[in-house]
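Below is one structure; the comments refer to it alone.
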Amino acid sequence: MLEDVFSVPADGAISEKYIIFDTKRHAPNFLTPEEMELLDDCYDVTMRCAGRENTILKPHPRSTEESRCDIRVYKNGGLPMEVLYASMAGLEKRVLVAYVSSAVFTPKILFDAESYVVCLHRIVRNKIVSGNFESIYEKFRNTYRHPERVSAPESLEELEKILRKFREAENE
């Protein structure tokens with residue numbers, strides 16, 4: 001029914017376990033070119049750890065820019081994740097990766113599903129965004145029955161370690 005109401009195409013479901021939520025690029029006073037490059041490095045680390053076939057990048061719904069990394073991009077990027085989550089099986093086995101995005105909180109808020117979550121705001125330290133997001137991140141993490149499923153690495157090396165830990169946990 002949601003597919004009909006929101007015109008989700010038949011091939012609109014996301015089957016990949018690792019979903020990277022891209023940020024709106026080149027917004028005024030948002031991320032510098034260096035910060036965007038670091039964000040793309042985070043995406044590349046995620047794809048290498050998860051495997052290209054298990055990873056998809058979901059563009060920001062209002063974004064017209066493209067990521068510079070080599071990750072498959074979800075074709076129906078304008079669809080809100082709330083609609084896609086409602087028809088997505090296995091939310092608790094998904095790994096959601098984002099710089100700062102409400103999309104990583106949505107499965108918990110709407111369905112009480114505790115997906116694995118990686119927030120990148122501590123790696124890409126933007127003065128405006130990162131400080132404001134930290135308190136939201138901590139509040140969100142504290143809502144989880146298993147808070148170890150929610151991480152905010154401080155380096156690319158730590159990101160890789162966390163993603164490998166999540167991959168091992170999902171294979172148990």
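Labels used: A, B, ... for chains in the order of the structure tokens, numbers from 1 for residues in each chain, and numbers from 1 for ligands as shown.
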
**Message:** I want to know what sits within 12 Å of Ala50 (chain A), based on only C-alpha atoms, with residues of the same chain fewer than 5 positions away left out; could you give that as a list in words?
**Reply:**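 The contact residues come out as Glu16, Lys17, Tyr18, Ile19, Ile20, Tyr43, Asp44, Val45, Thr55, Ile56, Ile71, Arg94, Val95, Leu96, Val97, Leu159, Glu160, Lys161, Ile162, Leu163, Arg164, Lys165, Phe166, Arg167, Glu168 and Glu170 of chain A.
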
**Request:** Among the residues of chain A, find those DSSP assigns to strand (DSSP E or B) from the backbone and print them as a ChimeraX atom specification.
**Result:** /A:18-21,55-58,73,95-98,116-119,150-151

**Asked** Of the residues A:Ser87, A:Val150, A:Arg72, A:Ser135, which is the one nearest to Lys108 (chain A), using only C-alpha atoms?
**Response** A:Val150

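Each of A:Phe140, A:Phe21, A:Tyr85, A:Phe30 was compared to Thr46 (chain A) using only C-alpha atoms, and A:Phe21 turns out to be the nearest.
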
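The smallest atom-to-atom distance between Ala98 (chain A) and any of A:Ala113, A:Ala86, A:Leu57, A:Leu31, using only C-alpha atoms, is found for A:Leu57.
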
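Between CA of Ser15 (chain A) and CA of Ala89 (chain A) the separation is 8.5 Å.
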
**Request:** Kindly indicate which residue among A:Val100, A:Ser155, A:Ile136, A:Phe111 lies nearest to Met88 (chain A), using only C-alpha atoms for the distances.
**Result:**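 Ranked by minimum distance to Met88 (chain A), first place goes to A:Phe111.
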
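Nearest to Pro153 (chain A) of all the residues A:Ser101, A:Arg125, A:Asn132, A:Gly78 is A:Arg125, based on only C-alpha atoms.
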
**Prompt:** Nearest to Cys119 (chain A): which of A:Met36, A:Met47, A:Val73, A:Cys42 is it, counting only C-alpha atoms?
**Reply:**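 Distance minimum relative to Cys119 (chain A) lands on A:Cys42.
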